[in-house]
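Enquirer: You'll find entry.tsv just under this line, and it carries TSV, C-alpha atoms.
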chain	number	residue	atom	x	y	z
Y	276	MET	CA	127.70	163.02	85.31
Y	277	THR	CA	127.19	165.53	82.48
Y	278	LYS	CA	123.41	165.66	82.93
Y	279	ASN	CA	120.77	163.79	84.89
Y	280	SER	CA	117.72	164.53	82.73
Y	281	VAL	CA	117.54	163.87	79.01
Y	282	GLU	CA	114.96	163.06	76.38
Y	283	VAL	CA	116.68	159.86	75.19
Y	284	ALA	CA	119.32	157.87	77.05
Y	285	VAL	CA	121.44	155.46	75.01
Y	286	ILE	CA	122.79	152.76	77.29
Y	287	GLY	CA	126.13	151.53	75.97
Y	288	GLY	CA	128.73	153.41	73.98
Y	289	GLY	CA	129.73	150.64	71.58
Y	290	ALA	CA	129.09	150.55	67.85
Y	291	ALA	CA	125.30	150.30	68.23
Y	292	GLY	CA	125.03	153.02	70.84
Y	293	ILE	CA	127.25	155.38	68.90
Y	294	ALA	CA	125.28	154.82	65.69
Y	295	ALA	CA	122.00	155.44	67.52
Y	296	ALA	CA	123.23	158.60	69.24
Y	297	ARG	CA	124.72	159.96	66.00
Y	298	LYS	CA	121.36	159.66	64.26
Y	299	LEU	CA	119.45	161.15	67.19
Y	300	ALA	CA	121.87	164.07	67.37
Y	301	ALA	CA	121.55	164.62	63.62
Y	302	HIS	CA	117.78	164.96	64.18
Y	303	HIS	CA	118.36	167.40	67.06
Y	304	VAL	CA	117.10	164.98	69.70
Y	305	ASP	CA	118.51	165.62	73.17
Y	306	CYS	CA	120.36	162.40	74.00
Y	307	LEU	CA	123.02	161.08	76.33
Y	308	VAL	CA	125.26	158.04	75.90
Y	309	VAL	CA	125.62	156.22	79.20
Y	310	GLU	CA	128.84	154.19	79.13
Y	311	ALA	CA	130.23	151.85	81.80
Y	312	ARG	CA	133.83	152.24	80.68
Y	313	SER	CA	136.09	155.26	80.58
Y	314	ARG	CA	136.26	154.94	76.79
Y	315	LEU	CA	133.89	154.53	73.85
Y	316	GLY	CA	133.75	151.68	71.35
Y	317	GLY	CA	132.73	148.74	73.54
Y	318	ARG	CA	133.91	145.54	71.89
Y	319	ALA	CA	135.55	147.65	69.18
Y	320	TYR	CA	138.81	148.47	70.91
Y	321	THR	CA	142.07	149.67	69.37
Y	322	VAL	CA	145.25	149.84	71.43
Y	323	GLN	CA	148.08	152.11	70.27
Y	324	HIS	CA	151.19	150.10	71.00
Y	325	PRO	CA	154.51	151.89	71.72
Y	326	ALA	CA	155.99	150.11	68.71
Y	327	GLY	CA	153.76	152.37	66.60
Y	328	PHE	CA	151.14	149.81	65.66
Y	329	ALA	CA	147.39	150.14	66.09
Y	330	LEU	CA	146.25	146.80	67.46
Y	331	ASP	CA	142.56	145.91	67.20
Y	332	MET	CA	141.84	143.86	70.31
Y	333	GLY	CA	138.18	143.53	69.32
Y	334	CYS	CA	136.66	143.61	65.85
Y	335	GLY	CA	139.26	144.20	63.16
Y	336	TRP	CA	137.65	143.38	59.81
Y	337	LEU	CA	135.09	145.48	57.99
Y	338	HIS	CA	133.10	142.50	56.75
Y	339	SER	CA	130.81	143.01	53.74
Y	340	ALA	CA	132.80	146.15	53.03
Y	341	ASP	CA	130.80	146.93	49.89
Y	342	CYS	CA	127.70	147.53	52.04
Y	343	ASN	CA	129.18	148.17	55.47
Y	344	PRO	CA	128.04	151.61	56.74
Y	345	TRP	CA	131.23	152.09	58.72
Y	346	VAL	CA	133.12	152.37	55.42
Y	347	ALA	CA	131.48	155.74	54.72
Y	348	VAL	CA	132.26	156.90	58.26
Y	349	ALA	CA	135.91	155.84	57.93
Y	350	THR	CA	136.15	157.55	54.55
Y	351	SER	CA	134.76	160.79	56.02
Y	352	GLN	CA	137.50	160.63	58.65
Y	353	GLY	CA	140.19	160.17	55.99
Y	354	ARG	CA	141.12	156.71	57.23
Y	355	VAL	CA	143.41	154.43	55.24
Y	356	PHE	CA	142.01	151.02	54.24
Y	357	SER	CA	143.88	147.82	53.56
Y	358	LYS	CA	142.04	145.88	50.86
Y	359	ALA	CA	144.46	142.97	50.72
Y	360	THR	CA	142.98	139.48	50.50
Y	361	PRO	CA	142.45	138.20	54.05
Y	362	PRO	CA	144.56	135.26	55.20
Y	363	TRP	CA	141.62	132.83	55.06
Y	364	GLY	CA	141.33	133.53	51.34
Y	365	ARG	CA	144.98	132.69	50.61
Y	366	THR	CA	146.98	129.52	50.20
Y	367	THR	CA	149.98	129.99	52.48
Y	368	MET	CA	152.41	128.12	54.73
Y	369	THR	CA	152.37	125.17	52.37
Y	370	LYS	CA	155.43	123.65	54.05
Y	371	VAL	CA	153.34	123.31	57.20
Y	372	MET	CA	150.01	122.47	55.57
Y	373	PRO	CA	150.38	121.25	51.97
Y	374	VAL	CA	148.25	122.77	49.22
Y	375	GLU	CA	146.26	119.55	48.85
Y	376	GLU	CA	145.30	119.57	52.52
Y	377	GLN	CA	144.29	123.23	52.39
Y	378	ARG	CA	142.06	122.51	49.40
Y	379	ALA	CA	140.56	119.49	51.12
Y	380	PHE	CA	139.74	121.52	54.20
Y	381	ARG	CA	138.15	124.31	52.15
Y	382	ALA	CA	136.03	121.69	50.44
Y	383	ALA	CA	134.97	120.32	53.83
Y	384	MET	CA	133.99	123.83	54.95
Y	385	GLY	CA	132.01	124.37	51.76
Y	386	ASP	CA	130.27	121.05	52.21
Y	387	LEU	CA	129.35	121.92	55.79
Y	388	PHE	CA	127.75	125.21	54.77
Y	389	GLU	CA	125.78	123.42	52.06
Y	390	ARG	CA	124.52	120.97	54.67
Y	391	VAL	CA	123.61	123.89	56.94
Y	392	ALA	CA	121.55	125.52	54.19
Y	393	GLN	CA	119.75	122.26	53.41
Y	394	ALA	CA	119.02	121.55	57.07
Y	395	ALA	CA	117.82	125.11	57.74
Y	396	ALA	CA	115.41	124.86	54.81
Y	397	THR	CA	113.53	122.13	56.66
Y	398	GLY	CA	112.62	124.61	59.39
Y	399	ILE	CA	113.82	122.19	62.07
Y	400	ASP	CA	116.60	123.66	64.16
Y	401	ARG	CA	119.41	121.53	65.51
Y	402	PRO	CA	123.08	121.81	66.45
Y	403	VAL	CA	125.43	122.37	63.53
Y	404	SER	CA	127.54	119.50	64.87
Y	405	ASP	CA	124.80	117.10	63.72
Y	406	LEU	CA	125.75	117.93	60.14
Y	407	VAL	CA	129.41	116.92	60.32
Y	408	PRO	CA	129.96	113.39	58.92
Y	409	ALA	CA	130.99	110.96	61.63
Y	410	ASP	CA	134.01	109.85	59.61
Y	411	SER	CA	135.25	113.36	58.73
Y	412	ARG	CA	138.97	113.85	59.29
Y	413	TRP	CA	138.30	117.57	59.63
Y	414	THR	CA	135.94	117.53	62.64
Y	415	GLY	CA	138.46	119.15	64.98
Y	416	MET	CA	139.49	121.83	62.54
Y	417	LEU	CA	135.91	122.61	61.51
Y	418	ASN	CA	135.14	123.20	65.17
Y	419	ALA	CA	138.23	125.38	65.54
Y	420	VAL	CA	137.43	127.58	62.56
Y	421	MET	CA	133.77	127.92	63.49
Y	422	SER	CA	134.84	128.98	66.98
Y	423	TYR	CA	136.91	131.76	65.35
Y	424	ILE	CA	133.80	132.78	63.42
Y	425	ALA	CA	131.20	132.46	66.18
Y	426	GLY	CA	133.12	132.13	69.42
Y	427	ALA	CA	131.64	128.68	70.09
Y	428	GLU	CA	131.91	125.13	68.83
Y	429	LEU	CA	129.42	123.46	66.50
Y	430	ASP	CA	127.47	121.62	69.19
Y	431	ARG	CA	126.41	124.98	70.66
Y	432	MET	CA	125.30	126.64	67.42
Y	433	SER	CA	121.85	126.90	65.84
Y	434	THR	CA	121.73	125.68	62.24
Y	435	ILE	CA	118.93	128.09	61.30
Y	436	ASP	CA	120.68	131.10	62.81
Y	437	LEU	CA	124.01	130.32	61.15
Y	438	ASP	CA	122.28	129.95	57.78
Y	439	ARG	CA	120.76	133.42	58.11
Y	440	TYR	CA	124.11	135.16	58.37
Y	441	GLU	CA	124.83	137.22	55.26
Y	442	ASP	CA	128.31	138.09	54.01
Y	443	THR	CA	129.38	139.53	50.68
Y	444	GLU	CA	132.88	138.16	51.38
Y	445	LEU	CA	134.56	141.52	50.80
Y	446	ASN	CA	136.73	142.17	53.85
Y	447	TRP	CA	138.80	145.29	54.49
Y	448	ARG	CA	140.77	146.60	57.43
Y	449	LEU	CA	141.81	150.00	58.73
Y	450	VAL	CA	145.51	150.66	59.20
Y	451	ASP	CA	144.85	152.82	62.26
Y	452	GLY	CA	142.27	150.46	63.74
Y	453	TYR	CA	138.57	149.72	63.43
Y	454	GLY	CA	137.97	150.44	67.10
Y	455	ALA	CA	139.76	153.79	66.89
Y	456	MET	CA	137.57	154.84	63.97
Y	457	ILE	CA	134.35	153.82	65.73
Y	458	ALA	CA	135.30	155.66	68.92
Y	459	ALA	CA	136.29	158.77	66.95
Y	460	SER	CA	132.91	158.79	65.22
Y	461	ALA	CA	131.31	159.69	68.56
Y	462	GLY	CA	132.96	163.11	68.62
Y	463	GLY	CA	130.59	165.73	70.00
Y	464	LEU	CA	128.13	163.28	71.57
Y	465	ALA	CA	127.17	163.92	75.19
Y	466	THR	CA	128.50	160.97	77.19
Y	467	ALA	CA	128.45	159.90	80.83
Y	468	PHE	CA	131.58	157.77	81.32
Y	469	ASP	CA	132.29	155.30	84.13
Y	470	SER	CA	128.55	154.87	84.61
Y	471	PRO	CA	127.61	151.17	84.58
Y	472	VAL	CA	123.84	150.82	84.65
Y	473	THR	CA	122.40	148.75	87.48
Y	474	ARG	CA	118.67	149.21	86.86
Y	475	ILE	CA	116.28	150.59	84.25
Y	476	ASP	CA	113.06	151.48	86.03
Y	477	HIS	CA	110.28	152.03	83.49
Y	478	SER	CA	107.43	151.89	85.96
Y	479	GLY	CA	106.82	155.65	86.12
Y	480	ARG	CA	106.05	158.47	83.73
Y	481	ARG	CA	109.75	158.92	83.07
Y	482	ILE	CA	112.34	156.15	82.93
Y	483	ARG	CA	114.89	156.12	85.75
Y	484	ILE	CA	118.33	154.77	84.85
Y	485	GLU	CA	120.28	153.92	87.97
Y	486	THR	CA	124.05	154.05	87.51
Y	487	ALA	CA	127.14	153.87	89.67
Y	488	ARG	CA	127.32	157.68	89.47
Y	489	GLY	CA	123.72	158.57	90.11
Y	490	VAL	CA	120.28	158.49	88.52
Y	491	ILE	CA	119.44	159.70	85.02
Y	492	GLU	CA	115.85	160.30	83.95
Y	493	ALA	CA	114.75	159.96	80.34
Y	494	ASP	CA	111.58	159.83	78.28
Y	495	ARG	CA	112.90	156.98	76.17
Y	496	VAL	CA	115.86	154.61	76.34
Y	497	ILE	CA	117.83	152.66	73.75
Y	498	VAL	CA	119.47	149.61	75.35
Y	499	THR	CA	122.59	148.31	73.59
Y	500	LEU	CA	124.00	146.19	76.41
Y	501	PRO	CA	125.47	142.81	75.41
Y	502	THR	CA	123.36	139.71	75.97
Y	503	SER	CA	125.89	138.53	78.55
Y	504	ILE	CA	124.72	141.40	80.78
Y	505	ILE	CA	120.98	141.29	80.00
Y	506	GLY	CA	120.75	137.52	80.39
Y	507	VAL	CA	122.22	137.33	83.88
Y	508	SER	CA	120.61	140.45	85.36
Y	509	ASP	CA	117.07	139.49	86.40
Y	510	ASP	CA	116.64	142.82	88.18
Y	511	LEU	CA	118.01	145.00	85.38
Y	512	PHE	CA	114.51	146.05	84.35
Y	513	ARG	CA	111.73	147.18	86.70
Y	514	PRO	CA	109.11	145.94	86.02
Y	515	ALA	CA	110.98	142.81	84.94
Y	516	LEU	CA	111.11	141.83	81.28
Y	517	PRO	CA	111.50	138.04	81.44
Y	518	HIS	CA	111.11	137.65	77.67
Y	519	LYS	CA	114.17	139.85	77.17
Y	520	THR	CA	116.16	137.89	79.73
Y	521	GLU	CA	115.17	134.61	78.07
Y	522	ALA	CA	116.05	135.94	74.64
Y	523	ALA	CA	119.48	137.05	75.85
Y	524	LEU	CA	120.15	133.64	77.38
Y	525	GLY	CA	119.44	132.05	74.00
Y	526	LEU	CA	121.95	134.41	72.38
Y	527	PRO	CA	125.07	134.09	74.57
Y	528	LEU	CA	128.36	135.70	73.71
Y	529	GLY	CA	130.99	133.36	72.39
Y	530	LEU	CA	134.62	133.98	73.19
Y	531	ASP	CA	137.37	135.12	70.83
Y	532	ASP	CA	140.58	136.53	72.29
Y	533	LYS	CA	143.51	138.05	70.40
Y	534	LEU	CA	147.11	137.85	71.47
Y	535	PHE	CA	149.68	139.91	69.57
Y	536	ILE	CA	153.28	138.70	69.54
Y	537	ALA	CA	156.37	140.50	68.23
Y	538	LEU	CA	158.36	138.34	65.79
Y	539	ASP	CA	162.09	138.79	65.25
Y	540	ASN	CA	163.39	138.28	61.69
Y	541	ALA	CA	159.83	138.34	60.42
Y	542	GLY	CA	160.93	138.73	56.79
Y	543	GLU	CA	161.18	134.96	56.54
Y	544	PHE	CA	157.40	134.84	56.37
Y	545	GLU	CA	155.07	136.10	53.67
Y	546	PRO	CA	152.90	139.08	54.74
Y	547	GLU	CA	149.28	138.18	55.51
Y	548	SER	CA	150.01	134.45	55.77
Y	549	ARG	CA	148.52	132.16	58.37
Y	550	VAL	CA	148.82	128.74	59.91
Y	551	PHE	CA	146.83	126.67	62.39
Y	552	GLY	CA	148.59	125.34	65.46
Y	553	ARG	CA	147.03	121.92	64.93
Y	554	THR	CA	144.71	120.43	62.35
Y	555	ASP	CA	143.42	117.54	64.45
Y	556	ARG	CA	141.64	119.29	67.31
Y	557	ALA	CA	139.25	122.14	68.09
Y	558	GLY	CA	141.44	123.66	70.81
Y	559	THR	CA	144.07	125.30	68.66
Y	560	GLY	CA	145.18	128.75	67.60
Y	561	ASN	CA	144.91	130.61	64.31
Y	562	TYR	CA	148.21	132.45	63.70
Y	563	HIS	CA	148.15	135.39	61.29
Y	564	PHE	CA	151.72	136.31	60.35
Y	565	ARG	CA	152.73	139.86	59.43
Y	566	PRO	CA	149.33	141.60	59.25
Y	567	PHE	CA	149.79	144.88	57.32
Y	568	GLY	CA	153.34	143.63	56.71
Y	569	ARG	CA	154.25	144.30	60.35
Y	570	PRO	CA	156.76	142.10	62.26
Y	571	ILE	CA	154.08	140.60	64.47
Y	572	ILE	CA	151.82	137.55	64.77
Y	573	GLU	CA	148.13	138.01	65.49
Y	574	CYS	CA	147.04	134.94	67.44
Y	575	TYR	CA	143.34	134.10	67.53
Y	576	LEU	CA	142.14	131.79	70.30
Y	577	ALA	CA	138.47	131.02	70.72
Y	578	GLY	CA	135.66	128.96	72.19
Y	579	ARG	CA	136.36	126.48	74.97
Y	580	CYS	CA	140.09	126.76	74.37
Y	581	ALA	CA	140.04	130.51	75.11
Y	582	ARG	CA	137.81	130.04	78.17
Y	583	GLU	CA	140.23	127.53	79.65
Y	584	LEU	CA	143.22	129.78	78.91
Y	585	GLU	CA	141.50	132.78	80.52
Y	586	THR	CA	141.52	130.97	83.85
Y	587	GLY	CA	145.32	130.96	83.67
Y	588	GLY	CA	145.70	134.68	83.01
Y	589	ASP	CA	147.69	136.43	80.31
Y	590	ALA	CA	150.74	134.18	80.62
Y	591	ALA	CA	148.68	131.10	79.75
Y	592	PHE	CA	147.88	132.52	76.30
Y	593	PHE	CA	151.50	133.24	75.46
Y	594	ASP	CA	152.67	129.87	76.75
Y	595	PHE	CA	150.02	128.10	74.68
Y	596	ALA	CA	150.92	130.02	71.51
Y	597	VAL	CA	154.63	129.37	71.99
Y	598	SER	CA	154.02	125.65	72.48
Y	599	GLU	CA	152.04	125.43	69.24
Y	600	LEU	CA	154.40	127.60	67.22
Y	601	THR	CA	157.51	125.74	68.38
Y	602	GLY	CA	155.72	122.52	67.49
Y	603	LEU	CA	155.51	123.86	63.93
Y	604	PHE	CA	158.80	125.72	63.56
Y	605	GLY	CA	161.15	124.15	66.09
Y	606	ALA	CA	162.23	124.87	69.66
Y	607	ASP	CA	164.53	127.77	68.69
Y	608	PHE	CA	161.51	129.68	67.35
Y	609	ALA	CA	160.55	130.60	70.93
Y	610	ARG	CA	163.54	132.97	71.15
Y	611	ARG	CA	162.03	135.09	68.38
Y	612	LEU	CA	158.74	135.68	70.19
Y	613	THR	CA	157.83	138.47	72.61
Y	614	PRO	CA	154.28	139.08	73.89
Y	615	LEU	CA	152.85	142.49	72.97
Y	616	GLN	CA	149.17	142.75	73.90
Y	617	LEU	CA	146.20	140.64	74.96
Y	618	HIS	CA	142.63	141.43	75.95
Y	619	ARG	CA	140.64	138.73	77.72
Y	620	TRP	CA	137.05	139.50	76.69
Y	621	GLY	CA	135.55	136.85	78.95
Y	622	ALA	CA	137.12	138.58	81.96
Y	623	ASP	CA	136.02	142.03	80.78
Y	624	PRO	CA	133.21	142.90	83.24
Y	625	PHE	CA	131.32	145.00	80.70
Y	626	ALA	CA	131.52	142.47	77.85
Y	627	ARG	CA	131.90	138.97	79.34
Y	628	GLY	CA	132.46	137.59	75.86
Y	629	ALA	CA	133.02	138.56	72.26
Y	630	TYR	CA	129.87	138.39	70.11
Y	631	SER	CA	126.61	136.52	70.00
Y	632	TYR	CA	125.57	133.19	68.57
Y	633	ALA	CA	122.20	131.47	68.89
Y	634	VAL	CA	121.96	128.15	70.67
Y	635	PRO	CA	119.88	125.47	68.90
Y	636	GLY	CA	116.23	126.48	69.01
Y	637	ALA	CA	116.92	130.16	69.74
Y	638	ALA	CA	117.20	131.61	66.24
Y	639	GLU	CA	113.97	133.60	66.65
Y	640	GLN	CA	115.20	135.18	69.88
Y	641	ARG	CA	117.04	137.88	67.94
Y	642	ALA	CA	113.68	139.37	66.91
Y	643	VAL	CA	112.38	139.03	70.48
Y	644	LEU	CA	115.39	140.90	71.84
Y	645	ALA	CA	115.04	143.62	69.19
Y	646	ALA	CA	111.35	144.36	69.78
Y	647	PRO	CA	110.53	147.71	71.49
Y	648	VAL	CA	108.61	147.82	74.78
Y	649	ASP	CA	105.75	150.33	75.05
Y	650	ASP	CA	107.42	152.66	72.55
Y	651	ARG	CA	109.71	153.74	75.40
Y	652	LEU	CA	112.34	151.02	75.61
Y	653	PHE	CA	114.21	150.20	72.40
Y	654	PHE	CA	116.92	147.63	71.80
Y	655	ALA	CA	119.94	147.47	69.50
Y	656	GLY	CA	123.26	145.69	69.15
Y	657	GLU	CA	124.73	142.97	66.98
Y	658	ALA	CA	122.72	140.30	68.83
Y	659	THR	CA	119.47	141.91	67.64
Y	660	SER	CA	120.43	141.64	63.96
Y	661	ARG	CA	118.86	138.83	61.95
Y	662	HIS	CA	121.48	138.72	59.19
Y	663	ASP	CA	124.51	140.75	60.39
Y	664	PHE	CA	124.96	139.48	63.95
Y	665	SER	CA	128.45	139.28	65.43
Y	666	THR	CA	129.62	142.30	63.42
Y	667	ALA	CA	130.21	145.99	64.07
Y	668	HIS	CA	128.16	146.86	61.01
Y	669	GLY	CA	125.28	144.77	62.34
Y	670	ALA	CA	125.52	146.84	65.51
Y	671	PHE	CA	125.56	150.07	63.47
Y	672	ILE	CA	122.50	149.11	61.45
Y	673	THR	CA	120.46	148.08	64.49
Y	674	GLY	CA	121.49	151.22	66.40
Y	675	SER	CA	120.42	153.40	63.50
Y	676	GLU	CA	117.12	151.51	63.21
Y	677	ALA	CA	116.44	151.91	66.93
Y	678	ALA	CA	117.00	155.66	66.60
Y	679	ASP	CA	114.53	155.71	63.70
Y	680	ARG	CA	111.95	154.01	65.93
Y	681	VAL	CA	112.53	156.57	68.66
Y	682	ILE	CA	112.08	159.42	66.19
Y	683	ALA	CA	108.85	157.86	64.89
Y	684	ALA	CA	107.55	157.37	68.44
Y	685	ARG	CA	108.23	161.03	69.25
Y	686	ARG	CA	106.17	162.10	66.27
Y	687	LYS	CA	103.23	159.99	67.41
Y	688	SER	CA	103.28	161.31	70.97
Please re-express this file's structure in structure tokens.
Expert:
Amino acid sequence: MTKNSVEVAVIGGGAAGIAAARKLAAHHVDCLVVEARSRLGGRAYTVQHPAGFALDMGCGWLHSADCNPWVAVATSQGRVFSKATPPWGRTTMTKVMPVEEQRAFRAAMGDLFERVAQAAATGIDRPVSDLVPADSRWTGMLNAVMSYIAGAELDRMSTIDLDRYEDTELNWRLVDGYGAMIAASAGGLATAFDSPVTRIDHSGRRIRIETARGVIEADRVIVTLPTSIIGVSDDLFRPALPHKTEAALGLPLGLDDKLFIALDNAGEFEPESRVFGRTDRAGTGNYHFRPFGRPIIECYLAGRCARELETGGDAAFFDFAVSELTGLFGADFARRLTPLQLHRWGADPFARGAYSYAVPGAAEQRAVLAAPVDDRLFFAGEATSRHDFSTAHGAFITGSEAADRVIAARRKS
């Protein structure tokens, strides 16, 4: 424990916590990041593979890159961007999925989002699944793709919340990893590692943060824990904050897991191409071939499919991917595949999921979760963002805003 008394404690060293602590430090506020893991970044996590590749096991795309604040941070670090069109914006693998079918699916996606906007305008929230025509041939694939986007299928998702998401559709990546950049941006910040928080006692004059490594006292606290932790921990706050617990339960974390596979003789495939394992069901993988031109496949498995696979351990993911890929490219294709890296976010004790979505009727819970308590407890994280939820830049913006609120509260006191 680097210190046990601080003016502001920032609980969670992910994108939101780092952004908050950076701003506080820039304003010369004594602060400490309290992090459960032995690393920073949270759900932004880059693994340096022995093959020489930086593999983003968590967030990998700088969405809305033209207004994403992490772009300026990456630029200041001298990071190299890839600005290539993402695979979902390309027409590829036409031998597997003909051009006409790809166009038809894009049209179905566009139609769904139009229906979402129209339904949200009524002010009546309901599951997005209600908006899919009963006779649509694309029901399974729409569910699959939306699970890649939100971590959950359409029957779990709020129409109003989904409609509020904003995206400029400019998507960049970092050659050396998004997670690596975010973690590096915390250089110089005081941090208590390996310190999972078990209770935040705000009953006294100072706030007591109980951790696995001792107690930290602070005047104010910024909480950036994921909703999967807040929602299941009734005794996290003392006195209890049932409205925060309820809000978190309405904003659960979906599940999106990445499996990276080495591909022999990868030159057969176009860089940045992709294919779906199946087009007739929700439980299927999204296979991104040769990201950055590398001889690998980035496999994206999400929603209920990923949850079921997680129960079978790492081997279940590779077996599933091989079964789908050999179904597309023939039995001999299996000999060209070698598993590289997987992170099961549902099994991660400090994440328990990927990023938040709102269940039907819970769209307003983001504002409830974000609201300060007594000008002493402040909240940040992608789940507290009205328009940029599920993104690292949404986490950055909310972390920075929480720090602004702390600074304003200090001036008033």
Enquirer: Give as a PyMOL selection string the set of residues within 10 Å of the point (155.2, 139.3, 62.6), where distances use the file's coordinates and only C-alpha atoms.
Expert: chain Y and resi 535-548+562-573+611-612
Enquirer: Near stretch 585-593 of chain Y, counting only C-alpha atoms, which residues have an atom at most 9 Å away, once you skip same-chain residues fewer than 3 positions from it, shown as a compact mmCIF listing (two decimals) with C-alpha atoms, keeping the file's coordinate frame?
Expert:
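As a result, part.txt now contains:
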# COMPACT_ATOMS: atom_id res chain seq x y z
CA LEU Y 534 147.11 137.85 71.47
CA ILE Y 536 153.28 138.70 69.54
CA LEU Y 576 142.14 131.79 70.30
CA CYS Y 580 140.09 126.76 74.37
CA ALA Y 581 140.04 130.51 75.11
CA ARG Y 582 137.81 130.04 78.17
CA ALA Y 596 150.92 130.02 71.51
CA VAL Y 597 154.63 129.37 71.99
CA SER Y 598 154.02 125.65 72.48
CA THR Y 613 157.83 138.47 72.61
CA PRO Y 614 154.28 139.08 73.89
CA LEU Y 617 146.20 140.64 74.96
CA HIS Y 618 142.63 141.43 75.95
CA ARG Y 619 140.64 138.73 77.72
CA TRP Y 620 137.05 139.50 76.69
CA GLY Y 621 135.55 136.85 78.95
CA ALA Y 622 137.12 138.58 81.96
Enquirer: Using Å and a single decimal, report how far atom CA of Y:Pro362 sits from atom CA of Y:Trp447.
Expert: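 Spanning atom CA of Y:Trp447 to atom CA of Y:Pro362 is a straight-line distance of 11.6 Å.
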Enquirer: Looking at only C-alpha atoms, which of Y:Ile435, Y:Val371, Y:Val490, Y:His668 is the one that sits closest to Y:Arg553?
Expert: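 Of all the options, Y:Val371 lies closest to Y:Arg553.
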Enquirer: Skip stretch 417-430 of chain Y itself and residues of its chain fewer than 5 positions away, then list as a PyMOL selection string all residues within 7 Å of it, counting all atoms listed in the file.
Expert: chain Y and resi 384+402-404+529-531+557-559+577-578+632
Enquirer: Next, dump the selected residues to file, keeping only C-alpha atoms, as an mmCIF file, keeping the file's coordinate frame.
Expert:
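Generated file (again_23.cif):
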data_model
loop_
_atom_site.group_PDB
_atom_site.id
_atom_site.type_symbol
_atom_site.label_atom_id
_atom_site.label_comp_id
_atom_site.auth_asym_id
_atom_site.auth_seq_id
_atom_site.Cartn_x
_atom_site.Cartn_y
_atom_site.Cartn_z
ATOM 1 C CA MET Y 384 133.990 123.830 54.950
ATOM 2 C CA PRO Y 402 123.080 121.810 66.450
ATOM 3 C CA VAL Y 403 125.430 122.370 63.530
ATOM 4 C CA SER Y 404 127.540 119.500 64.870
ATOM 5 C CA GLY Y 529 130.990 133.360 72.390
ATOM 6 C CA LEU Y 530 134.620 133.980 73.190
ATOM 7 C CA ASP Y 531 137.370 135.120 70.830
ATOM 8 C CA ALA Y 557 139.250 122.140 68.090
ATOM 9 C CA GLY Y 558 141.440 123.660 70.810
ATOM 10 C CA THR Y 559 144.070 125.300 68.660
ATOM 11 C CA ALA Y 577 138.470 131.020 70.720
ATOM 12 C CA GLY Y 578 135.660 128.960 72.190
ATOM 13 C CA TYR Y 632 125.570 133.190 68.570
#
Enquirer: What separation in Å, quoted to one decimal, exists between atom CA of Y:Thr414 and atom CA of Y:Leu524?
Expert: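 Separating atom CA of Y:Thr414 from atom CA of Y:Leu524 is a distance of 26.9 Å.
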Enquirer: Rounded to one decimal, what separation in Å do you get between atom CA of Y:Pro361 and atom CA of Y:Ser411?
Expert: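 Atom-to-atom, atom CA of Y:Pro361 and atom CA of Y:Ser411 are spaced 26.3 Å apart.
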Enquirer: With 12 Å as the cut-off and all atoms listed in the file counted, what is the closest atom pair between each nearby residue of stretch 519-550 of chain Y and stretch 646-656 of chain Y? Distances in Å to one decimal, ordered by chain and number, as CSV.
Expert:
residue,atom,partner,partner_atom,distance
Y:Lys519,CA,Y:Ala646,CA,9.1
Y:Ala522,CA,Y:Ala646,CA,10.8
Y:Ala523,CA,Y:Gly656,CA,11.6
Y:Leu526,CA,Y:Gly656,CA,11.8
Enquirer: Could you tell me which of Y:Glu639, Y:Asp469, Y:Glu657, Y:Glu599 comes closest to Y:Leu315 if we count only C-alpha atoms?
Expert: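 Closest to Y:Leu315, using only C-alpha atoms: Y:Asp469.
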